Every structure is written in C-alpha cells, then in structure tokens.
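Presented below is the structure to which this report refers.
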Amino acid sequence: MVEHDLASVRAELQRRGYLTHGLERMLLQDALRSRTGVRALLRLALRTAVLGGGLLALPVALGLALANGNLDRSPFDLAPLVLHLVPPLAVVAGALFLALAGAALLLARLRPGRGAGAEGAGDWLALAGVAALFASLAWQGRGLLIEAPVARLLLLAAAATIAGAALWRLWRSGLFALTVRWVETPLRQTFAPRVWLALLVAGAALFVAVPILVLLRPGTTHEAPSNLPSAPGERVLLLGVDGVLPEELEYLLQHGDLPALARLRDEGVFASYQREDEPLAAFWTTVATGLPSSAHGVAALDSFRPRGVRTPLANSGLLRWYWLHVAVPMRIAEYRPVLSNRRTAFTVWEMAARGGAPVLAIDWWGTYPAEVLPGLVVAHGGYQLLADSAAGAVAPESEREGLEALRRQVDPVAAAKALAAALPADQARALLAKAFLGDQFYLDVFAARVAAEPRATALYLPGLDIAADGWKAGAVPFADVVRAQLAALDREVAKALAGVGTLAVVVDPGRRGGLGGRVLLWRVSGCKETKPAEIQVSTIAAALLRALGLPQSAELAQPPAGCAWPAAPAQVPSYGRRAAGADSSARSDEYLKNLKSLGYL
Amino acid sequence: MNLLAGRLAAWAASVDGRLPVLLPSAASRPERVHEAMQYALTTPGKRLRPVLTLAVADLFGSQRPEVLDLACAVEMVHASSLVLDDLPCMDDAELRRGRPTVHRAFAEEVALLAAFGLLNRAYALVAEMASHLGLRRYTPADLTHHLSAAVGTDGLIGGQALDLESRHEQLDLERLEYIHSHKTGALFLAAAELGAMAADVRRRDLETVSRYAKNLGLAFQISDDLLDVLATPEETGKDSHQDETKVTFVKLLGIDGARALEGELLGFAIEAIEPLGRKAEALRALAEFVRVRRR
C-alpha cells in the first residue's frame with residue numbers, strides 16, 4: 001500500500017537538502033546553458049546586473065536618505081528610493097561585472113589550462129571590484145555624510161557590509177561560471193543558501209527597521225514660537241559679494257579704492273573664514289541663517305524628487321546624472337531647482353520681520369519665489385525673472401511695476417567701461433547683460449529702498465562670480481572689473497550707513513577657487529576688543545540676530561569675538577522651522593532657465 | 001563498451017587489483033580471520049564507492065597512487081559493513097555478491113573479527129595515505145575524521161541501529177531518510193569527499209561534490225530497494241525480498257513513485273556537476289550507471 005504521494009516526499013527531501021542546488025546556483029547556473037559563450041556572458045551579466053542592482057540599492061538608498069535628511073523628515077522614503085535606484089545600479093553592477101569578466105577571461109586565456117589560477121583570479125577580481133565600487137561610493141558621499149551621527153553611519157556601514165559581501169559572492173560565482181563556460185575549467189562554486197538567506201533576512205530587517213527606529217526615536221521638534229521676546233535692537237545690513245578673491249579685496253582696501261569699506265574695516269572686525277566645500281546656495285543660506293546646510297535644507301542649487309519620495313534629494317552625487325538625464329525625462333522624478341520653500345530655517349531678515357517691521361532682501365539665494373514679508377523681497381535672480389515677467393520675482397506683487405521701471409533704467413557705467421577695455425564690443429555687451437545689469441539693478445533697488453530704513457537689509461551681488469565663469473581676457477582686466485564693481489558697492493555702503501547699527505559684508509571667491517573668504521563686521525558702537533583673525537561663517541547671522549535684539553537660539557553659535565554685542569533678551573531652544581512650502585514646480589521653469597543662463601547649472 | 005564505461009571499469013579493476021595487496025596474507029596468523037577478510041573484500045562487486053573516490057580526485061586533477069589506496073580504504077569500510085549487516089543478529093543473509101555470506105562461509109565469530117579487521121585496516125590506510133599526500137588544505141586527521149564520521153553513530157552505525165529498531169514499524173519518511181542517509185548516503189559522501197580532499201580542493205568545493213554524492217547516495221539506495229522487489233537473486237547476487245520487513249521508498253511510494261524519485265535524484269546529481277564541464281563526465285556516467293544497474 002502506498003502511503004505517501006511523490007510531491008510530499010519530494011518536498012520533505014528538499015527540506016533535508018536533496019533535490020536542491022541552493023540559491024546562487026539557481027540564480028546563475030541557467031546562464032551556462034547557452035550554446036555560445038557570448039550568450040552565456042550576456043545572460044550572466046544580465047542576472048548579476050539585476051541581482052547586483054537590488055543588492056546595491058539598499059545601502060545607496062540609505063546613504064542618500066541620510067545625506068538628504070529623508071530619514072528625519074520622511075523615513076518611509078527609503079522604500080520608493082530603493083525601487084528607484086535598482087535600475088541605474090543594475091546597469092552599474094552589470095557593467096562592472098562585464099569589466100571584471102573581461103579581465104577574468106583575459107587571465108584565463110593568458111594562462112590556459114590553469115583552472116585553479118583563473119578561479120583564484122576571479123576571487124580577487126570580484127573582491128577588488130566590490131572594494132573599488134564601495135570606495136568610490138564612500139568617496140562620493142564623504143562630504144554628504146561627514147556630519148551624520150555616528151549611529152547612523154554605523155547603520156550605513158552595516159548595510160554596506162551586507163550588500164558588499166553578497167555582491168562579492170554574486171560576482172565571484174558569476175566569474176567562476178564564466179571561466180568554466182569559456183575555458184572548461186572546473187567551477188569552484190559555493191553553495192551556501194543559508195548564508196544567502198541570512199544576508200537577505202538581515203538586509204530586509206534593516207530595510208524595515210530603519211524607518212521604524214527613526215520614527216520611534218525620541219526627537220525634539222522645533223515649532224516656530226509665535227512671539228519672541230525682543231530687545232529694542234538696531235538696524236542691520238548684510239551684504240554678500242561673490243566672485244572676489246581675498247587678495248583682490250585686501251589690495252583694493254589697502255590702496256584706497258574702497259574708502260568706505262576701508263574705514264569700516266579699521267573700526268570693525270575684518271577676518272577670514274573657511275567654508276565647507278558646498279554649492280553657493282548652501283553657503284549663502286548658511287550666512288543668512290547661521291545654520292549648516294543639513295539644518296537649513298538648502299544643500300544644492302537644485303534637487304530631485306523621485307516619485308513616491310517626499311523629501312527632495314539635493315545631494316545625489318553621481319546619481320545626479322541619472323535623475324537629470326533619465327529619470328526626469330521619463331517623468332519618474334521631478335526636477336526642483338532650489339526654491340525658497342525648500343529652506344527650512346529662517347533668515348536674518350525673516351526673523352527681523354516677525355514683529356511687523358519692514359525688511360529688505362535683494363537677490364539672496366533661496367528666495368525664489370519671493371515670499372511676502374513686511375517691506376520688499378526681490379527674489380534670487382529677480383532681474384532676469386522680472387525681464388521674463390515671471391511670477392514670484394518680487395513680493396509684494398504691488399512693487400512689480402516700480403521695480404520694472406527701475407530695471408529698464410539700469411546703467412552700470414563703471415562695469416561697462418571695464419568690460420569694454422577688456423573684451424571685444426559684442427562680448428562685452430553680452431557679459432554686461434549677463435552679469436552686471438543684474439548687479440546694478442540690485443544696487444539701485446538697495447539704494448532706493450534702504451533709505452526707508454528697513455530693520456534688516458540683505459543684498460547679494462553675484463555679477464563678478466558670473467562674469468568670472470568662462471572669462472578669458474586675463475587676470476589684470478578682470479581685476480579692473482572687480483575694482484569697478486566693488487567701488488560701486490563701496491559708494492552705496494557709504495550712503496546707506498546712516499541709522500545702521502551693525503553691518504556685515506561677506507566677500508567670497510565663489511566659483512573662482514578656494515574656500516576661504518573675508519568678512520567685515522562693523523558696529524556703530526565700535527569694535528574695540530581683541531579682534532579675531534578668523535571667524536566661523538555661522539557666527540555672522542548670530543551677530544546680526546543679536547544686534548536685532550532677538551533672543552539667542554540654542555541652535556545658533558554665539559556672536560563672534562571682537563565687538564561688544566548686546567545681551568540677549570532671552571534664550572530659546574530654536575527659532576523654529578519654516579514649514580515646507582507648497583509645490584512650486586509649476587513656476588520653477590523660469591527660475592531654472594535663469595540659473596542655467598547664468599552658468600550655475 | 002564506450003570510453004567512459006571503460007574508464008569506470010578500469011578504475012574498478014585497479015581497485016580489484018589493489019585490494020588483495022593491501023590486506024595481510026591469508027597464510028599469516030590469524031589465518032581464518034585474514035582469509036575471511038580477503039573473502040569479504042575480494043568478492044566481485046560494483047566497487048561503486050571507490051570508483052567515486054577515484055573519479056572525484058581525477059576530476060580535480062589528482063591521479064596520484066595514494067588516491068587508489070584511499071579508494072580501497074573506502075571499499076574496506078563498505079565490505080566490513082556488509083559483513084556486519086549480513087550477520088544473523090542483523091539481516092541474517094545467506095547470499096552476498098552471489099556467494100555465501102562471510103558468517104556462512106566461515107563462522108559468525110570469524111566474520112565479526114574480519115569486519116573489525118577491515119575497518120581497522122581502512123583507518124590505518126587513510127591515515128598513512130593522507131600523510132603521504134602532503135596536502136596543503138587538509139591534515140591526515142581531517143581525512144580520518146571524515147571516514148570515522150561516516151562509520152560511527154552519525155553514519156553507518158546510526159543508520160543500521162535505527163534500521164533494526166524500525167522493522168515491522170509503520171512507514172515514516174523522516175525515519176526512512178535518516179536510515180538511508182546514514183546507512184548508505186554517509187559512505188557515498190565520504191567516498192566523494194575523500195576524493196576531493198585527496199585533490200586538495202578548497203573546502204567550498206566539497207559542497208559541490210557533497211551535493212552530487214548526497215543525491216546519488218539516496219538514488220542508489222532507492223534503486224537498491226527497487227532491485228530487492230524486482231530483480232532475481234541471480235541478478236542481484238543476494239537474497240531477494242530481504243527488505244520485506246523494512247521500511248523502503250518502494251513501500252512508501254510504490255514502484256512507479258520510487259522510480260520517479262530515483263530519476264529526479266539522479267537528475268539533480270547530474271545537474272549539480274553540470275558546471276564542472278566535460279571533466280565531470282565520469283561522475284555523470286556513474287549516475288547513469290545507478291539508473292540502469294540490475295545488480
């Protein structure tokens with residue numbers, strides 16, 4: 001009498017290790033069935049690509065989420081990110097496997113009949129490939145991850161180790177299979193499904209655990225306080241100039257070309273600073289908020305939001321190319337230039353406007369679209385945006401007509417002369433329009449509105465940085481352009497100082513090279529203390545906020561030494577976080593075009 | 001006879017030729033025991049296990065003479081297990097390989113001593129040959145340990161013990177697998193793994209060989225069960241219907257089911273060595289031999 005059916009016996013035997021080849025074998029062996037070596041190679045590459053892409057997606061997604069703050073803001077972004085990353089990483093894994101296969105086959109051909117040697121070479125090649133890949137990923141992410149908490153870095157390291165080990169096994173098995181198929185040497189394969197299973201379980205556990213752990217952790221939330229205690233305070237001025245080398249500034253100050261600034265230098269603090277190697281948008285937002293990019297949310301000129309991911313990715317490393325050229329055209333990701341509603345920290349002028357006092361902000365990074373505040377906000381790139389009649393160029397909208405009239409009258413005489421001396425007429429005209437008409441417009445707006453004594457004023461001048469991008473007429477003619485522009489600024493500063501309590505001028509080399517710049521801090525009451533030779537960038541906003549009479553936020557640095565700062569009226573844990581704005585992708589096209597035309601993208 | 005079959009036969013013949021040389025002469029004391037050892041060992045047989053050892057070593061590029069002695073050691077263990085298996089207190093068999101069983105031809109006590117003598121000689125051979133091979137990855141103790149594990153209570157002895165306990169009991173797949181994997185499968189595994197170790201393969205290569213041998217061993221046992229039901233004593237060279245009181249795959253699945261399962265196991269054994277390329281043809285031929293054997 002037959003008491004068992006074949007299916008149940010087969011299942012039980014499989015459970016006991018019969019009738020099974022193990023996971024690696026199942027995944028790779030079929031590729032060997034092809035009659036031609038080329039087809040076997042392609043099949044193997046395809047399989048290793050798909051599997052390798054899946055393996056790499058988890059640590060890379062974790063790294064991206066860590067670098068872009070997704071883990072804090074929207075931890076469940078991890079799942080869609082992994083799915084988004086599988087295709088590009090599969091291509092990477094497949095291409096690398098093909099490269100390794102080429103090397104392995106070459107070795108096998110060079111040493112015919114030495115199967116064990118080819119096998120050993122495959123081992124080492126796979127190991128070298130994994131090491132190179134992860135070293136490259138670590139190098140790419142070094143700047144992004146440097147500020148990440150150690151616990152999260154350890155988590156990332158664990159995920160990378162699991163994925164690296166699994167990828168090594170995969171590539172190694174693939175290389176062995178290929179070596180055998182092409183040179184008929186014994187395949188030295190490992191069949192250890194339990195190890196694979198353990199790796200998969202560990203990876204899946206990590207995948208599920210990370211968002212949950214992040215959500216469950218006791219965190220501090222920073223609600224924006226509705227009322228901040230404040231002292232009477234004083235008017236403040238924040239000026240930012242991009243594209244000037246420190247030695248150029250010092251030379252011009254020394255030789256009397258900038259008399260107003262030279263006087264302020266002598267009365268105040270003139271110090272150097274070293275900034276992070278980060279995009280201009282991130283740096284200038286740090287200047288205006290006093291917080292690092294990880295806290296203020298502007299980490300790049302633009303960002304990408306893959307479908308299903310809530311927090312845009314500003315830091316993508318090499319994947320930026322994929323988002324821009326593949327994912328965005330395929331409409332599986334959205335391109336988002338840096339917009340004001342991506343910034344999560346308040347600027348000096350936004351804090352100053354809380355009590356209803358008028359403020360003036362002109363062309364500062366991260367201010368497009370212009371958001372309504374008491375006073376006037378001209379968005380970043382406002383000159384070109386006004387010319388394009390783009391929405392969001394200015395706030396309030398009622399100011400548009402007057403500013404448009406002002407824009408039409410712009411005449412940068414000094415810059416035009418310097419350019420005319422350095423470049424052929426057509427090139428000079430083009431560069432003038434690209435770089436200096438905007439600067440002059442911003443200076444004109446500044447001159448016209450600062451007289452209304454806004455409580456806080458911020459002005460950013462990018463012209464020199466834009467002009468330097470692709471400048472071919474030599475250093476000396478460019479120095480003349482620098483002199484002309486800074487002299488124009490110097491004249492406006494001299495006129496604007498009346499009634500100003502504190503001034504900060506930040507001069508950065510921008511894209512001209514180097515991470516060191518100069519900062520000039522001046523207080524009407526004078527700075528008579530020992531003056532530091534170097535200060536931290538984050539202390540500039542702290543100084544202005546203190547001068548405004550606002551309480552000291554625990555998130556901010558203390559004002560820099562060198563000047564006597566008024567006592568803070570109170571201590572608060574935070575000024576709060578700006579709420580994420582509505583989706584402005586519909587009106588970001590003009591801004592994107594503007595950034596591109598200025599050479600930022 | 002094709003080339004492959006000829007190769008297998010040549011290996012079997014070389015084992016046959018070597019086995020008497022490795023045993024003490026029947027003329028030396030204790031003569032009866034030595035004679036019984038020779039009788040047990042030199043009875044014509046398939047030599048499947050030692051051929052497996054030789055084929056695996058050859059696959060990985062080792063044709064050293066020491067491997068032949070290792071293969072002979074495996075056959076000694078097998079012969080010893082058969083002597084013990086045939087004893088009146090076990091299967092009480094009358095025929096083995098077409099001849100009277102050892103205890104019938106000599107005496108029960110002589111058979112017992114001969115079995116132990118064969119086992120002892122096998123261990124000595126393995127230890128000696130492993131030393132001569134001078135392996136880089138394995139010590140002589142590793143090889144000896146592999147063989148002893150296949151023989152001990154985790155191997156042949158364990159399988160035989162449960163087999164004896166299970167007679168006249170209800171069918172139980174878990175128990176059946178235990179008996180077969182220990183009583184038959186363990187020595188198949190050891191035979192293949194000793195061959196691989198003798199070729200100084202990497203430890204992970206043992207897994208490839210093990211997967212092949214594991215499936216092959218169970219398939220062999222199922223074919224044995226089938227032969228017990230379907231073949232005549234003349235064909236098998238041993239008593240027919242010996243397994244009537246035992247749990248077998250034939251009882252579990254019926255003849256057709258057992259045949260199907262045997263085919264699947266052999267298919268997997270062959271697939272397991274597929275990536276090894278043409279060099280594994282001898283192992284494929286061994287699996288094929290198990291499929292078509294009539295004895």
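The way I read the labels, and the way they are meant: chains A, B, ... in the order of the structure tokens, residue 1 as the first residue of every chain, and ligand 1 as the first ligand shown, with later ones counted on from there.
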Neighbouring residues of B:Tyr123 were defined as those with any atom within 9 Å, considering only C-alpha atoms; residues of the same chain fewer than 4 positions away were excluded. Please report them as number ranges by chain. B: 73, 77, 118-119, 127-128, 144, 147-148
Find the spatial neighbours of B:Leu87, counting only C-alpha atoms, within a cut-off of 12 Å - ignore same-chain residues fewer than 3 positions away - and output them as a ChimeraX atom specification. /B:80-84,90-96,100-113,115
Distance of atom CA of A:Leu237 from atom CA of A:Pro358, expressed in Å to one decimal place: 13.1 Å
Identify all residues of stretch 142-284 of chain B in alpha helix (DSSP H) (DSSP on the backbone) and supply them as a ChimeraX atom specification. /B:142-151,156-166,173-180,186-198,203-230,233-236,249-272,281-284
Quick one: residues within 8 Å of B:Gly117, only C-alpha atoms counted, chain neighbours fewer than 4 positions away excluded, as a PyMOL selection string? chain B and resi 33+37+113+121
Residues of the last selection are to be written out with C-alpha atoms, as a PDB file, in the first residue's frame.
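Dumped to part.pdb:
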```
ATOM      1  CA  VAL B  33      40.347 -14.038  10.002  1.00  0.00           C
ATOM      2  CA  MET B  37      38.875 -10.511   5.242  1.00  0.00           C
ATOM      3  CA  LEU B 113      36.571 -10.229  13.714  1.00  0.00           C
ATOM      4  CA  ARG B 121      42.914  -1.549   8.124  1.00  0.00           C
TER       5      ARG B 121
END
```
Residue neighbourhood stretch 152-169 of chain B, 12 Å, only C-alpha atoms, exclusion window fewer than 4 positions, as an MDAnalysis selection string: chainID B and resid 77:78 80:82 84:86 89:92 119 144:148 173:190 242:248
Could you take the residues named above and write them with C-alpha atoms, as a PDB file, in the first residue's frame?
```pdb
ATOM      1  CA  VAL B  77      34.676   0.045   5.155  1.00  0.00           C
ATOM      2  CA  HIS B  78      31.871  -0.914   2.801  1.00  0.00           C
ATOM      3  CA  SER B  80      33.042  -4.508   6.624  1.00  0.00           C
ATOM      4  CA  SER B  81      29.561  -3.001   6.834  1.00  0.00           C
ATOM      5  CA  LEU B  82      28.223  -5.740   4.574  1.00  0.00           C
ATOM      6  CA  LEU B  84      28.141  -6.977   9.805  1.00  0.00           C
ATOM      7  CA  ASP B  85      24.857  -6.331   8.017  1.00  0.00           C
ATOM      8  CA  ASP B  86      24.600  -9.982   6.967  1.00  0.00           C
ATOM      9  CA  CYS B  89      21.694 -10.785  14.587  1.00  0.00           C
ATOM     10  CA  MET B  90      21.162  -8.274  11.792  1.00  0.00           C
ATOM     11  CA  ASP B  91      19.754  -9.320   8.389  1.00  0.00           C
ATOM     12  CA  ASP B  92      20.793 -12.953   8.692  1.00  0.00           C
ATOM     13  CA  LEU B 119      37.671  -1.362   9.480  1.00  0.00           C
ATOM     14  CA  THR B 144      40.424  10.171   9.057  1.00  0.00           C
ATOM     15  CA  HIS B 145      37.735  12.164  10.784  1.00  0.00           C
ATOM     16  CA  HIS B 146      35.647  12.216   7.613  1.00  0.00           C
ATOM     17  CA  LEU B 147      35.818   8.466   7.342  1.00  0.00           C
ATOM     18  CA  SER B 148      35.144   7.837  11.018  1.00  0.00           C
ATOM     19  CA  LEU B 173       9.584   9.251   5.857  1.00  0.00           C
ATOM     20  CA  GLU B 174      11.701  11.079   8.397  1.00  0.00           C
ATOM     21  CA  ARG B 175      12.992   7.779   9.789  1.00  0.00           C
ATOM     22  CA  LEU B 176      13.487   6.310   6.346  1.00  0.00           C
ATOM     23  CA  GLU B 177      15.567   9.255   5.222  1.00  0.00           C
ATOM     24  CA  TYR B 178      17.621   9.022   8.392  1.00  0.00           C
ATOM     25  CA  ILE B 179      18.329   5.334   7.818  1.00  0.00           C
ATOM     26  CA  HIS B 180      19.243   5.749   4.178  1.00  0.00           C
ATOM     27  CA  SER B 181      21.262   8.894   4.586  1.00  0.00           C
ATOM     28  CA  HIS B 182      23.270   7.273   7.358  1.00  0.00           C
ATOM     29  CA  LYS B 183      23.463   3.686   6.272  1.00  0.00           C
ATOM     30  CA  THR B 184      24.145   4.324   2.598  1.00  0.00           C
ATOM     31  CA  GLY B 185      24.469   8.015   1.986  1.00  0.00           C
ATOM     32  CA  ALA B 186      27.168   8.645   4.581  1.00  0.00           C
ATOM     33  CA  LEU B 187      29.694   6.386   2.867  1.00  0.00           C
ATOM     34  CA  PHE B 188      28.858   7.790  -0.570  1.00  0.00           C
ATOM     35  CA  LEU B 189      29.511  11.240   0.827  1.00  0.00           C
ATOM     36  CA  ALA B 190      32.735  10.148   2.487  1.00  0.00           C
ATOM     37  CA  GLN B 242      15.248  -9.122   2.162  1.00  0.00           C
ATOM     38  CA  ASP B 243      13.528  -5.812   2.701  1.00  0.00           C
ATOM     39  CA  GLU B 244      10.045  -7.191   3.225  1.00  0.00           C
ATOM     40  CA  THR B 245      10.067  -6.277   6.887  1.00  0.00           C
ATOM     41  CA  LYS B 246      11.808  -2.946   6.337  1.00  0.00           C
ATOM     42  CA  VAL B 247      10.579   0.498   5.547  1.00  0.00           C
ATOM     43  CA  THR B 248      11.625   1.369   1.986  1.00  0.00           C
TER      44      THR B 248
END
```
Test item: residues at most 8 Å from stretch 330-346 of chain A, only C-alpha atoms, excluding those fewer than 3 positions along its chain, as a VMD selection string: chain A and resid 281 289 291 295 to 298 300 to 307 312 323 to 324 326 to 327 350 to 351 366 to 371 575 to 582 584 to 585 588 591 to 592
For C-alpha atoms, I'd like the residues from the last selection saved as a CSV table (one decimal), in the first residue's frame.
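See again-v4.csv below for the written result:
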```csv
chain,number,residue,atom,x,y,z
A,281,ALA,CA,23.3,78.3,-2.5
A,289,THR,CA,20.5,81.7,8.7
A,291,LEU,CA,22.9,77.1,10.3
A,295,ALA,CA,19.7,72.2,9.1
A,296,HIS,CA,18.6,74.9,6.7
A,297,GLY,CA,17.7,72.4,3.9
A,298,VAL,CA,19.4,74.2,1.0
A,300,ALA,CA,22.4,72.3,-3.5
A,301,LEU,CA,21.3,74.5,-6.4
A,302,ASP,CA,18.7,72.0,-7.3
A,303,SER,CA,17.1,68.8,-6.1
A,304,PHE,CA,15.2,65.8,-7.5
A,305,ARG,CA,12.1,64.2,-6.1
A,306,PRO,CA,11.7,60.7,-7.4
A,307,ARG,CA,8.1,59.6,-7.4
A,312,PRO,CA,13.6,66.0,-2.4
A,323,TRP,CA,18.0,61.8,-12.2
A,324,LEU,CA,18.6,64.6,-14.7
A,326,VAL,CA,17.0,59.6,-17.4
A,327,ALA,CA,14.5,59.8,-14.5
A,350,GLU,CA,12.7,86.9,8.1
A,351,MET,CA,13.4,86.9,11.9
A,366,GLY,CA,16.9,80.6,-1.7
A,367,THR,CA,14.4,83.4,-2.0
A,368,TYR,CA,12.6,82.4,-5.2
A,369,PRO,CA,9.7,82.6,-5.3
A,370,ALA,CA,9.7,85.8,-3.3
A,371,GLU,CA,7.5,85.4,-0.2
A,575,TYR,CA,13.6,79.9,16.3
A,576,GLY,CA,11.5,77.1,14.8
A,577,ARG,CA,11.4,75.5,11.4
A,578,ARG,CA,9.9,77.0,8.3
A,579,ALA,CA,7.0,74.9,7.1
A,580,ALA,CA,7.7,73.2,3.8
A,581,GLY,CA,6.0,75.3,1.1
A,582,ALA,CA,3.5,74.2,-1.4
A,584,SER,CA,6.2,75.3,-6.8
A,585,SER,CA,7.4,73.1,-9.6
A,588,SER,CA,10.2,76.9,-11.3
A,591,TYR,CA,14.0,80.2,-12.5
A,592,LEU,CA,15.7,77.1,-13.8
```
What's the 8 Å shell around B:Ile270, counting only C-alpha atoms, without same-chain residues fewer than 3 positions away, as a PyMOL selection string? chain B and resi 212+266-267+273-274+283-284+287
Which neighbours of A:Leu261 fall inside 12 Å, counting only C-alpha atoms, when residues of the same chain fewer than 3 positions from it are skipped, and could you give them as a PyMOL selection string? chain A and resi 239+249-250+252-258+264-270+486-497+503-507+519-522
Write the residues you've just listed into a file as a JSON list (two decimals), in the first residue's frame, and include N, CA and C atoms for each of them.
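This is the output file result-v9.json:
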```json
[["chain", "number", "residue", "atom", "x", "y", "z"],
["A", 239, "LEU", "N", 25.56, 92.26, 3.52],
["A", 239, "LEU", "CA", 25.93, 92.35, 2.10],
["A", 239, "LEU", "C", 26.78, 91.14, 1.73],
["A", 249, "LEU", "N", 40.42, 91.82, -2.66],
["A", 249, "LEU", "CA", 39.74, 92.71, -1.72],
["A", 249, "LEU", "C", 40.77, 93.46, -0.87],
["A", 250, "GLU", "N", 41.73, 92.70, -0.34],
["A", 250, "GLU", "CA", 42.73, 93.32, 0.54],
["A", 250, "GLU", "C", 43.55, 94.37, -0.22],
["A", 252, "LEU", "N", 42.58, 96.17, -2.83],
["A", 252, "LEU", "CA", 41.76, 97.35, -3.09],
["A", 252, "LEU", "C", 41.53, 98.16, -1.81],
["A", 253, "LEU", "N", 41.36, 97.48, -0.70],
["A", 253, "LEU", "CA", 41.21, 98.19, 0.59],
["A", 253, "LEU", "C", 42.49, 98.94, 0.93],
["A", 254, "GLN", "N", 43.62, 98.27, 0.69],
["A", 254, "GLN", "CA", 44.93, 98.83, 1.03],
["A", 254, "GLN", "C", 45.24, 100.07, 0.20],
["A", 255, "HIS", "N", 44.82, 100.05, -1.06],
["A", 255, "HIS", "CA", 45.20, 101.13, -1.97],
["A", 255, "HIS", "C", 44.13, 102.21, -2.11],
["A", 256, "GLY", "N", 43.17, 102.22, -1.22],
["A", 256, "GLY", "CA", 42.23, 103.33, -1.16],
["A", 256, "GLY", "C", 41.14, 103.32, -2.21],
["A", 257, "ASP", "N", 40.96, 102.20, -2.89],
["A", 257, "ASP", "CA", 39.90, 102.14, -3.90],
["A", 257, "ASP", "C", 38.52, 102.01, -3.25],
["A", 258, "LEU", "N", 38.49, 101.55, -1.99],
["A", 258, "LEU", "CA", 37.21, 101.31, -1.32],
["A", 258, "LEU", "C", 37.23, 102.07, 0.01],
["A", 264, "LEU", "N", 35.38, 101.17, 7.57],
["A", 264, "LEU", "CA", 34.62, 100.19, 8.38],
["A", 264, "LEU", "C", 35.54, 99.06, 8.85],
["A", 265, "ARG", "N", 36.46, 98.67, 7.95],
["A", 265, "ARG", "CA", 37.42, 97.62, 8.34],
["A", 265, "ARG", "C", 38.23, 98.06, 9.56],
["A", 266, "ASP", "N", 38.67, 99.33, 9.52],
["A", 266, "ASP", "CA", 39.51, 99.81, 10.62],
["A", 266, "ASP", "C", 38.73, 99.91, 11.93],
["A", 267, "GLU", "N", 37.44, 100.24, 11.81],
["A", 267, "GLU", "CA", 36.64, 100.40, 13.03],
["A", 267, "GLU", "C", 36.04, 99.06, 13.51],
["A", 268, "GLY", "N", 35.92, 98.13, 12.63],
["A", 268, "GLY", "CA", 35.26, 96.88, 12.99],
["A", 268, "GLY", "C", 36.22, 95.69, 13.00],
["A", 269, "VAL", "N", 35.64, 94.52, 12.68],
["A", 269, "VAL", "CA", 36.43, 93.28, 12.63],
["A", 269, "VAL", "C", 36.55, 92.87, 11.17],
["A", 270, "PHE", "N", 37.76, 92.64, 10.73],
["A", 270, "PHE", "CA", 37.99, 92.16, 9.36],
["A", 270, "PHE", "C", 38.71, 90.82, 9.49],
["A", 486, "LEU", "N", 33.32, 96.69, -6.96],
["A", 486, "LEU", "CA", 33.42, 96.91, -5.52],
["A", 486, "LEU", "C", 33.36, 98.40, -5.18],
["A", 487, "ALA", "N", 33.88, 99.20, -6.10],
["A", 487, "ALA", "CA", 33.83, 100.65, -5.87],
["A", 487, "ALA", "C", 32.38, 101.13, -5.89],
["A", 488, "ALA", "N", 31.58, 100.56, -6.79],
["A", 488, "ALA", "CA", 30.16, 100.92, -6.85],
["A", 488, "ALA", "C", 29.47, 100.52, -5.54],
["A", 489, "LEU", "N", 29.81, 99.34, -5.06],
["A", 489, "LEU", "CA", 29.24, 98.88, -3.78],
["A", 489, "LEU", "C", 29.69, 99.80, -2.64],
["A", 490, "ASP", "N", 30.96, 100.15, -2.67],
["A", 490, "ASP", "CA", 31.52, 101.00, -1.61],
["A", 490, "ASP", "C", 30.76, 102.32, -1.52],
["A", 491, "ARG", "N", 30.46, 102.85, -2.69],
["A", 491, "ARG", "CA", 29.75, 104.13, -2.70],
["A", 491, "ARG", "C", 28.35, 103.97, -2.08],
["A", 492, "GLU", "N", 27.68, 102.88, -2.40],
["A", 492, "GLU", "CA", 26.33, 102.68, -1.85],
["A", 492, "GLU", "C", 26.37, 102.40, -0.36],
["A", 493, "VAL", "N", 27.39, 101.70, 0.08],
["A", 493, "VAL", "CA", 27.52, 101.41, 1.51],
["A", 493, "VAL", "C", 27.70, 102.70, 2.28],
["A", 494, "ALA", "N", 28.53, 103.57, 1.73],
["A", 494, "ALA", "CA", 28.79, 104.85, 2.40],
["A", 494, "ALA", "C", 27.48, 105.62, 2.60],
["A", 495, "LYS", "N", 26.60, 105.52, 1.59],
["A", 495, "LYS", "CA", 25.35, 106.27, 1.68],
["A", 495, "LYS", "C", 24.34, 105.58, 2.60],
["A", 496, "ALA", "N", 24.45, 104.26, 2.71],
["A", 496, "ALA", "CA", 23.41, 103.51, 3.41],
["A", 496, "ALA", "C", 23.66, 103.41, 4.91],
["A", 497, "LEU", "N", 24.78, 103.86, 5.38],
["A", 497, "LEU", "CA", 25.16, 103.59, 6.77],
["A", 497, "LEU", "C", 24.36, 104.39, 7.79],
["A", 503, "LEU", "N", 26.73, 96.13, 10.57],
["A", 503, "LEU", "CA", 26.90, 95.80, 9.15],
["A", 503, "LEU", "C", 27.78, 94.54, 9.04],
["A", 504, "ALA", "N", 27.41, 93.67, 8.14],
["A", 504, "ALA", "CA", 28.27, 92.52, 7.84],
["A", 504, "ALA", "C", 28.44, 92.46, 6.32],
["A", 505, "VAL", "N", 29.69, 92.43, 5.89],
["A", 505, "VAL", "CA", 29.97, 92.29, 4.46],
["A", 505, "VAL", "C", 30.75, 90.98, 4.28],
["A", 506, "VAL", "N", 30.18, 90.11, 3.50],
["A", 506, "VAL", "CA", 30.84, 88.81, 3.26],
["A", 506, "VAL", "C", 31.31, 88.79, 1.81],
["A", 507, "VAL", "N", 32.60, 88.57, 1.63],
["A", 507, "VAL", "CA", 33.17, 88.56, 0.28],
["A", 507, "VAL", "C", 33.77, 87.16, 0.04],
["A", 519, "VAL", "N", 35.35, 88.48, 5.82],
["A", 519, "VAL", "CA", 34.14, 89.05, 6.36],
["A", 519, "VAL", "C", 34.48, 90.33, 7.13],
["A", 520, "LEU", "N", 33.63, 91.31, 6.93],
["A", 520, "LEU", "CA", 33.84, 92.58, 7.64],
["A", 520, "LEU", "C", 32.61, 92.78, 8.53],
["A", 521, "LEU", "N", 32.86, 92.90, 9.83],
["A", 521, "LEU", "CA", 31.77, 93.14, 10.79],
["A", 521, "LEU", "C", 31.99, 94.51, 11.40],
["A", 522, "TRP", "N", 30.95, 95.32, 11.34],
["A", 522, "TRP", "CA", 31.10, 96.68, 11.88],
["A", 522, "TRP", "C", 29.91, 97.00, 12.75]]
```
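Each of A:Leu62, A:Leu178, A:Leu98, A:Ala131 was compared to chain B using only C-alpha atoms, and A:Leu178 turns out to be the nearest.
Across the structure, atom CA of A:Ala467 and atom CA of A:Ala435 are spaced 5.7 Å apart.
When atom CA of A:Pro462 is paired with atom CA of A:Arg235, their separation reads 23.9 Å.
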Please return, as an NGL selection string, all residues of stretch 18-220 of chain B that DSSP assigns to strand (DSSP E) on the basis of the backbone. :B and (95-96 or 99-100)
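Comparing B:Asp224, B:Ala198, B:Gly61, B:Val67 by their smallest distance to chain A, the closest is B:Gly61 (using only C-alpha atoms).
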